[in-house]
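Q: Structure provided below as structure tokens; questions to follow.
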Amino acid sequence: MKSHTIADVLTESLPYIQKFKGKTIVIKYGGNAMVDEDLKSSFARDIVLMKSVGMNPIVVHGGGPQIGKTLEKLGKNSEFVDGMRVTDSETMDVVEMVLGGLVNKEIVNLIHQHGGNSIGLTGKDGRLITAKKLKTKVEPTSEIIDLGHVGQVDQIDVSVINLLLQGDFIPVIAPIGVGKDGFSYNINADLVAGAIAEALNAEKLILLTNTAGLLDDDGVLMTGMSSKTVKKLIDDGTIHGGMLPKIGCALSAVENGVETSHIIDGRVSHAVLLEVFTDSGVGTLVTKNG
């Protein structure tokens, strides 16, 4: 890269660094970015850089493939209903071990390797996430299926997050909550990231995915959109299928106190930095008023 190009990039980032200093940014980390070694490293560097210039990044991570591999090693089959893992008590033990242990601490370690200061936790720590059992209906029969220890967010208590931010730590959160019944529940990481962003009135919610972002019928990336436009595209079927839960999460966030939501391509090296610090970004931006 030529020196003037480097200077251009640095200059372009300055207004964003000034604008977002002291602001909270919640990043849902998952997909290819969690399994490719180069992408894992670039993600950790992005998070440390954000913290170094005065932002407050919070990482919420998934770990479905890692859970699947561990269950396979233990000789236990994975069963899914509408993309959600059926989770009996034995599977939940594995989920807690993999998400709260292996995956969570690997991310913490990566951040430390790049000079950051991080603490990993699950939603069970500090009563961060109170969960309730998720009941899902399967079409076309509308039969209610019991998925076991699969939950949804009931309440968020951000006390422990605020404590970590005051101590200048980067929180890394596994999406496991505990119900009023005392049971542990595995919750979709997108939904946990969205709920935490809303509870903190975060500046941004960033969802990493394995696509370029939100695409129209011609496969063209849709960038800046208002919540009104997004609802219209859902109603007319342009946004459908697997992207609906993600865009629903992004939409809920901007309608409940988060300034902007971003669905970005986690397969791109340094995707988070490019989205936060450049004019063009690398994904779909959703705002309340457009």
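Lettering and numbering for the structure tokens are positional, with chains as A, B, ... in the shown order, residues counted from 1 in each chain, and ligands counted from 1 in the shown order.
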Set the distance at 10 Å and use only C-alpha atoms: which residues neighbour A:Gly182 once local chain neighbours fewer than 3 positions away are removed? I'd like the list as a PyMOL selection string.
A: chain A and resi 130-131+177-179+185
Q: Keeping only all heavy atoms, write those residues as a PDB file, in the first residue's frame.
A:
```pdb
ATOM      1  N   THR A 130     -31.320 -13.392  32.604  1.00  0.00           N
ATOM      2  CA  THR A 130     -32.378 -14.263  33.100  1.00  0.00           C
ATOM      3  C   THR A 130     -33.122 -14.786  31.875  1.00  0.00           C
ATOM      4  O   THR A 130     -33.555 -13.999  31.017  1.00  0.00           O
ATOM      5  CB  THR A 130     -33.357 -13.501  34.023  1.00  0.00           C
ATOM      6  OG1 THR A 130     -32.607 -12.888  35.083  1.00  0.00           O
ATOM      7  CG2 THR A 130     -34.394 -14.438  34.606  1.00  0.00           C
ATOM      8  N   ALA A 131     -33.223 -16.098  31.786  1.00  0.00           N
ATOM      9  CA  ALA A 131     -33.813 -16.717  30.597  1.00  0.00           C
ATOM     10  C   ALA A 131     -35.171 -17.318  30.922  1.00  0.00           C
ATOM     11  O   ALA A 131     -35.538 -17.496  32.082  1.00  0.00           O
ATOM     12  CB  ALA A 131     -32.879 -17.801  30.075  1.00  0.00           C
ATOM     13  N   GLY A 177     -28.120 -18.420  29.683  1.00  0.00           N
ATOM     14  CA  GLY A 177     -28.835 -17.758  30.772  1.00  0.00           C
ATOM     15  C   GLY A 177     -29.350 -18.777  31.768  1.00  0.00           C
ATOM     16  O   GLY A 177     -29.271 -19.990  31.543  1.00  0.00           O
ATOM     17  N   VAL A 178     -29.873 -18.277  32.861  1.00  0.00           N
ATOM     18  CA  VAL A 178     -30.468 -19.173  33.854  1.00  0.00           C
ATOM     19  C   VAL A 178     -31.907 -18.735  34.104  1.00  0.00           C
ATOM     20  O   VAL A 178     -32.205 -17.540  34.183  1.00  0.00           O
ATOM     21  CB  VAL A 178     -29.638 -19.194  35.164  1.00  0.00           C
ATOM     22  CG1 VAL A 178     -29.634 -17.837  35.851  1.00  0.00           C
ATOM     23  CG2 VAL A 178     -30.127 -20.282  36.105  1.00  0.00           C
ATOM     24  N   GLY A 179     -32.803 -19.720  34.157  1.00  0.00           N
ATOM     25  CA  GLY A 179     -34.215 -19.407  34.361  1.00  0.00           C
ATOM     26  C   GLY A 179     -34.565 -19.273  35.828  1.00  0.00           C
ATOM     27  O   GLY A 179     -33.782 -19.643  36.707  1.00  0.00           O
ATOM     28  N   TYR A 185     -30.064 -22.293  30.228  1.00  0.00           N
ATOM     29  CA  TYR A 185     -30.648 -22.290  28.888  1.00  0.00           C
ATOM     30  C   TYR A 185     -29.655 -21.737  27.872  1.00  0.00           C
ATOM     31  O   TYR A 185     -28.965 -20.747  28.129  1.00  0.00           O
ATOM     32  CB  TYR A 185     -31.928 -21.442  28.864  1.00  0.00           C
ATOM     33  CG  TYR A 185     -33.076 -22.096  29.598  1.00  0.00           C
ATOM     34  CD1 TYR A 185     -33.361 -21.758  30.919  1.00  0.00           C
ATOM     35  CD2 TYR A 185     -33.848 -23.069  28.978  1.00  0.00           C
ATOM     36  CE1 TYR A 185     -34.400 -22.371  31.607  1.00  0.00           C
ATOM     37  CE2 TYR A 185     -34.894 -23.686  29.654  1.00  0.00           C
ATOM     38  CZ  TYR A 185     -35.163 -23.341  30.963  1.00  0.00           C
ATOM     39  OH  TYR A 185     -36.189 -23.956  31.642  1.00  0.00           O
TER      40      TYR A 185
END
```
Q: Out of A:Asn32, A:Ala253, A:Pro175, A:His149, which residue has the shortest atom-to-atom distance to A:Thr122 when counting only C-alpha atoms?
A: A:Pro175
Q: Got a sec: who's within 8 Å of stretch 233-245 of chain A, counting only C-alpha atoms, leaving out chain neighbours fewer than 6 positions off, as a list in words?
A: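 Listing them by chain and then by number gives Leu214, Asp216 and Asp217 of chain A.
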Q: Using the selection just defined, write its residues with all heavy atoms as an mmCIF file, in the first residue's frame.
A:
```cif
data_model
loop_
_atom_site.group_PDB
_atom_site.id
_atom_site.type_symbol
_atom_site.label_atom_id
_atom_site.label_comp_id
_atom_site.auth_asym_id
_atom_site.auth_seq_id
_atom_site.Cartn_x
_atom_site.Cartn_y
_atom_site.Cartn_z
ATOM 1 N N LEU A 214 -27.180 -7.891 3.723
ATOM 2 C CA LEU A 214 -28.535 -8.093 3.219
ATOM 3 C C LEU A 214 -28.536 -7.856 1.713
ATOM 4 O O LEU A 214 -28.148 -6.784 1.243
ATOM 5 C CB LEU A 214 -29.466 -7.100 3.923
ATOM 6 C CG LEU A 214 -30.938 -7.445 3.993
ATOM 7 C CD1 LEU A 214 -31.153 -8.807 4.628
ATOM 8 C CD2 LEU A 214 -31.673 -6.376 4.773
ATOM 9 N N ASP A 216 -30.517 -7.877 -2.153
ATOM 10 C CA ASP A 216 -31.826 -7.793 -2.794
ATOM 11 C C ASP A 216 -32.017 -9.003 -3.718
ATOM 12 O O ASP A 216 -31.181 -9.909 -3.769
ATOM 13 C CB ASP A 216 -32.006 -6.459 -3.536
ATOM 14 C CG ASP A 216 -31.054 -6.302 -4.723
ATOM 15 O OD1 ASP A 216 -30.471 -7.309 -5.171
ATOM 16 O OD2 ASP A 216 -30.906 -5.161 -5.212
ATOM 17 N N ASP A 217 -33.118 -9.011 -4.482
ATOM 18 C CA ASP A 217 -33.429 -10.161 -5.344
ATOM 19 C C ASP A 217 -32.376 -10.395 -6.423
ATOM 20 O O ASP A 217 -32.252 -11.497 -6.951
ATOM 21 C CB ASP A 217 -34.803 -9.968 -6.005
ATOM 22 C CG ASP A 217 -35.934 -10.115 -4.987
ATOM 23 O OD1 ASP A 217 -35.720 -10.822 -3.971
ATOM 24 O OD2 ASP A 217 -37.009 -9.527 -5.189
#
```
Q: Give the strand (DSSP E or B) residues of stretch 19-62 of chain A, as DSSP finds them on the backbone, and put them as number ranges by chain.
A: A: 24-29, 56-61
Q: Take the residues from that selection and put them in a file with N, CA, C and O atoms, as a PDB file, in the first residue's frame.
A:
```pdb
ATOM      1  N   THR A  24     -20.527   2.651  23.441  1.00  0.00           N
ATOM      2  CA  THR A  24     -20.569   1.195  23.569  1.00  0.00           C
ATOM      3  C   THR A  24     -20.980   0.555  22.252  1.00  0.00           C
ATOM      4  O   THR A  24     -21.966   0.966  21.631  1.00  0.00           O
ATOM      5  N   ILE A  25     -20.218  -0.457  21.846  1.00  0.00           N
ATOM      6  CA  ILE A  25     -20.502  -1.172  20.602  1.00  0.00           C
ATOM      7  C   ILE A  25     -20.555  -2.661  20.921  1.00  0.00           C
ATOM      8  O   ILE A  25     -19.584  -3.236  21.425  1.00  0.00           O
ATOM      9  N   VAL A  26     -21.715  -3.278  20.665  1.00  0.00           N
ATOM     10  CA  VAL A  26     -21.902  -4.700  20.943  1.00  0.00           C
ATOM     11  C   VAL A  26     -21.713  -5.474  19.641  1.00  0.00           C
ATOM     12  O   VAL A  26     -22.363  -5.180  18.637  1.00  0.00           O
ATOM     13  N   ILE A  27     -20.811  -6.449  19.666  1.00  0.00           N
ATOM     14  CA  ILE A  27     -20.492  -7.215  18.466  1.00  0.00           C
ATOM     15  C   ILE A  27     -20.839  -8.673  18.690  1.00  0.00           C
ATOM     16  O   ILE A  27     -20.350  -9.308  19.625  1.00  0.00           O
ATOM     17  N   LYS A  28     -21.705  -9.217  17.825  1.00  0.00           N
ATOM     18  CA  LYS A  28     -21.968 -10.658  17.863  1.00  0.00           C
ATOM     19  C   LYS A  28     -20.959 -11.331  16.937  1.00  0.00           C
ATOM     20  O   LYS A  28     -20.891 -11.052  15.745  1.00  0.00           O
ATOM     21  N   TYR A  29     -20.181 -12.226  17.523  1.00  0.00           N
ATOM     22  CA  TYR A  29     -19.072 -12.875  16.836  1.00  0.00           C
ATOM     23  C   TYR A  29     -19.444 -14.329  16.564  1.00  0.00           C
ATOM     24  O   TYR A  29     -19.783 -15.070  17.484  1.00  0.00           O
ATOM     25  N   ASN A  56     -15.981   1.281  23.702  1.00  0.00           N
ATOM     26  CA  ASN A  56     -16.249   0.195  24.648  1.00  0.00           C
ATOM     27  C   ASN A  56     -16.849  -0.999  23.912  1.00  0.00           C
ATOM     28  O   ASN A  56     -18.075  -1.162  23.864  1.00  0.00           O
ATOM     29  N   PRO A  57     -16.001  -1.846  23.300  1.00  0.00           N
ATOM     30  CA  PRO A  57     -16.546  -3.025  22.619  1.00  0.00           C
ATOM     31  C   PRO A  57     -16.960  -4.106  23.601  1.00  0.00           C
ATOM     32  O   PRO A  57     -16.297  -4.320  24.619  1.00  0.00           O
ATOM     33  N   ILE A  58     -18.068  -4.768  23.292  1.00  0.00           N
ATOM     34  CA  ILE A  58     -18.548  -5.916  24.064  1.00  0.00           C
ATOM     35  C   ILE A  58     -18.781  -7.041  23.065  1.00  0.00           C
ATOM     36  O   ILE A  58     -19.484  -6.849  22.067  1.00  0.00           O
ATOM     37  N   VAL A  59     -18.188  -8.195  23.314  1.00  0.00           N
ATOM     38  CA  VAL A  59     -18.297  -9.320  22.382  1.00  0.00           C
ATOM     39  C   VAL A  59     -19.281 -10.349  22.938  1.00  0.00           C
ATOM     40  O   VAL A  59     -19.178 -10.764  24.095  1.00  0.00           O
ATOM     41  N   VAL A  60     -20.262 -10.730  22.105  1.00  0.00           N
ATOM     42  CA  VAL A  60     -21.155 -11.852  22.417  1.00  0.00           C
ATOM     43  C   VAL A  60     -20.894 -12.904  21.344  1.00  0.00           C
ATOM     44  O   VAL A  60     -20.919 -12.589  20.159  1.00  0.00           O
ATOM     45  N   HIS A  61     -20.616 -14.141  21.743  1.00  0.00           N
ATOM     46  CA  HIS A  61     -20.219 -15.133  20.744  1.00  0.00           C
ATOM     47  C   HIS A  61     -21.147 -16.330  20.707  1.00  0.00           C
ATOM     48  O   HIS A  61     -21.815 -16.665  21.688  1.00  0.00           O
TER      49      HIS A  61
END
```
Q: Can you measure atom CA of A:Gly62 to atom CA of A:Gly151 for me? One decimal in Å is fine.
A: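 Between atom CA of A:Gly62 and atom CA of A:Gly151 the gap is 14.2 Å.
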Q: Would you pick out the contacts of A:Glu90 at 10 Å or less, using only C-alpha atoms, so that residues sharing its chain but fewer than 5 positions from it are not included, and give the list as a PyMOL selection string?
A: chain A and resi 71+76+95+149
Q: Separation of atom CA of A:Lys69 and atom CA of A:Gly30, in Å?
A: 15.5 Å
Q: Any idea what's packed within 12 Å of A:Glu37, counting only C-alpha atoms, ignoring anything in its chain fewer than 2 positions away? Could you give it as a CSV table (one decimal) with C-alpha atoms, in the first residue's frame?
A:
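Saved the output as result_9.csv:
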```csv
chain,number,residue,atom,x,y,z
A,32,ASN,CA,-16.4,-18.2,9.6
A,33,ALA,CA,-14.7,-15.5,11.6
A,34,MET,CA,-14.7,-17.9,14.6
A,35,VAL,CA,-13.1,-20.8,12.8
A,39,LEU,CA,-10.0,-14.2,10.7
A,40,LYS,CA,-9.9,-15.0,14.4
A,41,SER,CA,-6.6,-13.0,14.7
A,42,SER,CA,-7.9,-10.0,12.7
A,43,PHE,CA,-11.1,-9.9,14.7
A,44,ALA,CA,-9.2,-9.8,18.0
A,106,GLU,CA,-10.1,-18.9,23.4
A,107,ILE,CA,-11.5,-15.4,22.5
A,110,LEU,CA,-6.8,-14.0,21.5
A,267,ARG,CA,-15.5,-13.6,6.0
A,269,SER,CA,-10.5,-9.7,7.2
```
Q: Measuring atom to atom with only C-alpha atoms, identify which of A:Ile196, A:Met50, A:Gln152, A:Lys232 is nearest to A:Gln18.
A: A:Met50
Q: Find the residue from A:Val153, A:Leu128, A:Val192, A:Ile47 that sits nearest to A:Val108; use only C-alpha atoms when measuring.
A: A:Ile47
Q: Counting only C-alpha atoms, figure out which residue out of A:Gly224, A:Gly31, A:Gly120, A:Pro15 gets nearest to A:Asp190.
A: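 So, comparing all the options, the nearest one is A:Gly31.
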Q: I'd like to know which of A:Thr229, A:Val86, A:Asp218, A:Glu255 is closest to A:Glu198, using only C-alpha atoms.
A: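 Of A:Thr229, A:Val86, A:Asp218, A:Glu255, the one nearest A:Glu198, counting only C-alpha atoms, is A:Glu255.
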Q: Identify which of the residues A:Asp125, A:Asp181, A:Glu143, A:Glu12 lies closest to A:Leu274, counting only C-alpha atoms when measuring atom-to-atom distances.
A: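 Of all the options, A:Glu12 lies closest to A:Leu274.
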Q: Leaving out stretch 280-285 of chain A and any residue of its chain fewer than 6 positions from it, which residues lie within 10 Å of it when counting only C-alpha atoms, given as a ChimeraX atom specification?
A: /A:204-209,211-215,221-226,247,250,260-266,268,270-274
Q: Would you give me, as a ChimeraX atom specification, the residues in stretch 52-197 of chain A that DSSP reads as alpha helix (DSSP H)?
A: /A:52,64-73,89-95,104-113,159-166,189-197
